[in-house]
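One structure is given here, and the rest of the page talks about it.
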Amino acid sequence: MLDHYQIQLTRMLESEQYGEAKNLLRFLLQCRGEDERHYEEWGSLLTWLEMAFPGSEGAGTPSGADEEVGESEESFREQLLNPPEQDEAYIKQVLYIMEHHPMIDQQILALERAAYIHSPEVDQVMLDWLTGLDGKTIHPVVQFKALQCLKKREISGIVMLDRMGEKVELDIEATPLALDDFPQPVIRILERVEAVTEADDPTLPHFARELWKESLQFLYGTSAYQWMQREDDETVDSYAAALHLTLLLTVYGSANDDDIREAYGITEPLRFRYEQACRTLRQVAAMQQSTEDDHQP
């Protein structure tokens, strides 16, 4: 696949498709597991293109055509993940990386590719791997991405998984494909944090959204996830306060617990719910940090 991307990049540069080339380079820089030399070359080329052709992404694009640009980017990504030739060797390579690669980023990339594989035999291989018939433990984020892949492949049914130390039963068809697909109470938690943090730092809502998306990939289907779907304001406030605390600790390295509890109305009767939510998000943060440490060079 690396050779395929390199050929695509060369063609784009030769035909002066600089915007497309920059998009491809950004995509490649997100993919881990290649030789460090490649990332240095891609990074240097991207920096040069951004300096030499700063407006190339928008060239020829009418003002206000954000939706068309988004569709174009999605189409471009699908083109990269869905090569025209899918022989047996390619399919075996994708499935091998999905099942055996030690780096989570590469497993996720393989799952994104697997969503476009035409062979129906892939479905059973994925189901057997996901449900642990081979006895291997799968990272919770990879599990979630696998559920999304199966849904995209229009697979239905119930699967039993071990997630965050719990046995959970999940309906593949109910898997959210985007943040907006999650239940409304889950979205309200994020919206509450965005509203509170925006006045203090305009960049915090963006980081809150990314942190919440990452946390949900860990927690989906667990008892904590079921708890946060309760409709009452107290549960929303408790989780929102916990998310705000985790956000500040992540971004700044410190946070004032008393100020956060006051901002979200966490009175003494809600203290236990709030502390439970904090413990849940701390567990997620610890697993994220452990994963990052495992893959440090």
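Naming works like this for the structure tokens: A, B, ... for the chains as they're shown, residue 1 at the start of each chain, ligands 1 onward in shown order.
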- Task: For segment 180-186 of chain A, work out the shell of residues within 8 Å, counting only C-alpha atoms and skipping chain neighbours fewer than 3 positions away, then give it as a list in words.
- Result: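 Returned residues: Pro176, Leu177, Ile189, Leu190, Met228, Gln229, Arg230, Glu231 and Val236 of chain A.
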Residues just named, written with C-alpha atoms as a compact mmCIF listing (two decimals), in the first residue's frame:
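Wrote it out as selection.txt, contents follow:
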```txt
# COMPACT_ATOMS: atom_id res chain seq x y z
CA PRO A 176 -22.72 4.75 16.34
CA LEU A 177 -20.70 5.69 13.27
CA ILE A 189 -22.80 15.98 28.49
CA LEU A 190 -20.44 17.31 25.84
CA MET A 228 -24.58 8.21 31.46
CA GLN A 229 -27.65 7.70 29.24
CA ARG A 230 -30.02 8.53 32.08
CA GLU A 231 -32.17 11.51 31.16
CA VAL A 236 -25.50 14.99 32.87
```
- Enter the distance from atom CA of Cys278 of chain A to atom CA of Val142 of chain A, in Å, rounded to one decimal.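 These atoms are spaced 23.3 Å apart.
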- In Å, rounded to a single decimal, give me how far atom CA of Glu20 of chain A is from atom CA of Gln148 of chain A.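 The value is 26.8 Å.
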Go through segment 124-170 of chain A and collect every residue that DSSP, computed from the backbone, puts in strand (DSSP E); the answer should be as a PDB file with N, CA and C atoms, in the first residue's frame.
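Output (part-v3.pdb):
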```pdb
ATOM      1  N   ILE A 158     -26.048  -9.923  17.398  1.00  0.00           N
ATOM      2  CA  ILE A 158     -25.585  -9.588  18.748  1.00  0.00           C
ATOM      3  C   ILE A 158     -24.239 -10.248  18.989  1.00  0.00           C
ATOM      4  N   VAL A 159     -23.317  -9.494  19.592  1.00  0.00           N
ATOM      5  CA  VAL A 159     -22.011 -10.058  19.957  1.00  0.00           C
ATOM      6  C   VAL A 159     -21.775  -9.856  21.447  1.00  0.00           C
ATOM      7  N   MET A 160     -21.102 -10.811  22.045  1.00  0.00           N
ATOM      8  CA  MET A 160     -20.707 -10.733  23.454  1.00  0.00           C
ATOM      9  C   MET A 160     -19.223 -10.393  23.516  1.00  0.00           C
ATOM     10  N   LEU A 161     -18.902  -9.294  24.204  1.00  0.00           N
ATOM     11  CA  LEU A 161     -17.516  -8.845  24.279  1.00  0.00           C
ATOM     12  C   LEU A 161     -17.109  -8.570  25.719  1.00  0.00           C
ATOM     13  N   ASP A 162     -15.823  -8.681  25.976  1.00  0.00           N
ATOM     14  CA  ASP A 162     -15.239  -8.281  27.259  1.00  0.00           C
ATOM     15  C   ASP A 162     -14.692  -6.875  27.067  1.00  0.00           C
ATOM     16  N   ARG A 163     -15.371  -5.876  27.667  1.00  0.00           N
ATOM     17  CA  ARG A 163     -14.968  -4.476  27.504  1.00  0.00           C
ATOM     18  C   ARG A 163     -14.735  -3.838  28.860  1.00  0.00           C
ATOM     19  N   GLU A 166     -15.724  -5.875  31.765  1.00  0.00           N
ATOM     20  CA  GLU A 166     -17.120  -6.286  31.879  1.00  0.00           C
ATOM     21  C   GLU A 166     -17.518  -7.140  30.682  1.00  0.00           C
ATOM     22  N   LYS A 167     -18.433  -8.055  30.901  1.00  0.00           N
ATOM     23  CA  LYS A 167     -19.037  -8.803  29.809  1.00  0.00           C
ATOM     24  C   LYS A 167     -20.243  -8.006  29.317  1.00  0.00           C
ATOM     25  N   VAL A 168     -20.226  -7.612  28.063  1.00  0.00           N
ATOM     26  CA  VAL A 168     -21.317  -6.790  27.529  1.00  0.00           C
ATOM     27  C   VAL A 168     -21.897  -7.444  26.276  1.00  0.00           C
ATOM     28  N   GLU A 169     -23.168  -7.177  26.053  1.00  0.00           N
ATOM     29  CA  GLU A 169     -23.878  -7.687  24.882  1.00  0.00           C
ATOM     30  C   GLU A 169     -24.241  -6.510  23.994  1.00  0.00           C
ATOM     31  N   LEU A 170     -23.799  -6.545  22.736  1.00  0.00           N
ATOM     32  CA  LEU A 170     -23.957  -5.389  21.864  1.00  0.00           C
ATOM     33  C   LEU A 170     -24.606  -5.777  20.544  1.00  0.00           C
TER      34      LEU A 170
END
```
- Quote the spacing between atom CA of Thr222 of chain A and atom CA of Val125 of chain A in Å to one decimal place.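 We find that atom CA of Thr222 of chain A and atom CA of Val125 of chain A lie 24.6 Å from each other.
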Please produce, as a Markdown table, a per-residue contact table for segment 126-153 of chain A versus segment 103-111 of chain A (criterion: any atom at most 7 Å away, only C-alpha atoms considered), showing the nearest atom pair and its distance in Å to one decimal, sorted by chain then residue number.
```
| residue | atom | partner | partner_atom | distance |
| --- | --- | --- | --- | --- |
| A:Val142 | CA | A:Ile108 | CA | 6.2 |
| A:Lys145 | CA | A:Ile108 | CA | 6.6 |
| A:Ala146 | CA | A:Leu111 | CA | 6.3 |
| A:Cys149 | CA | A:Leu111 | CA | 6.3 |
```
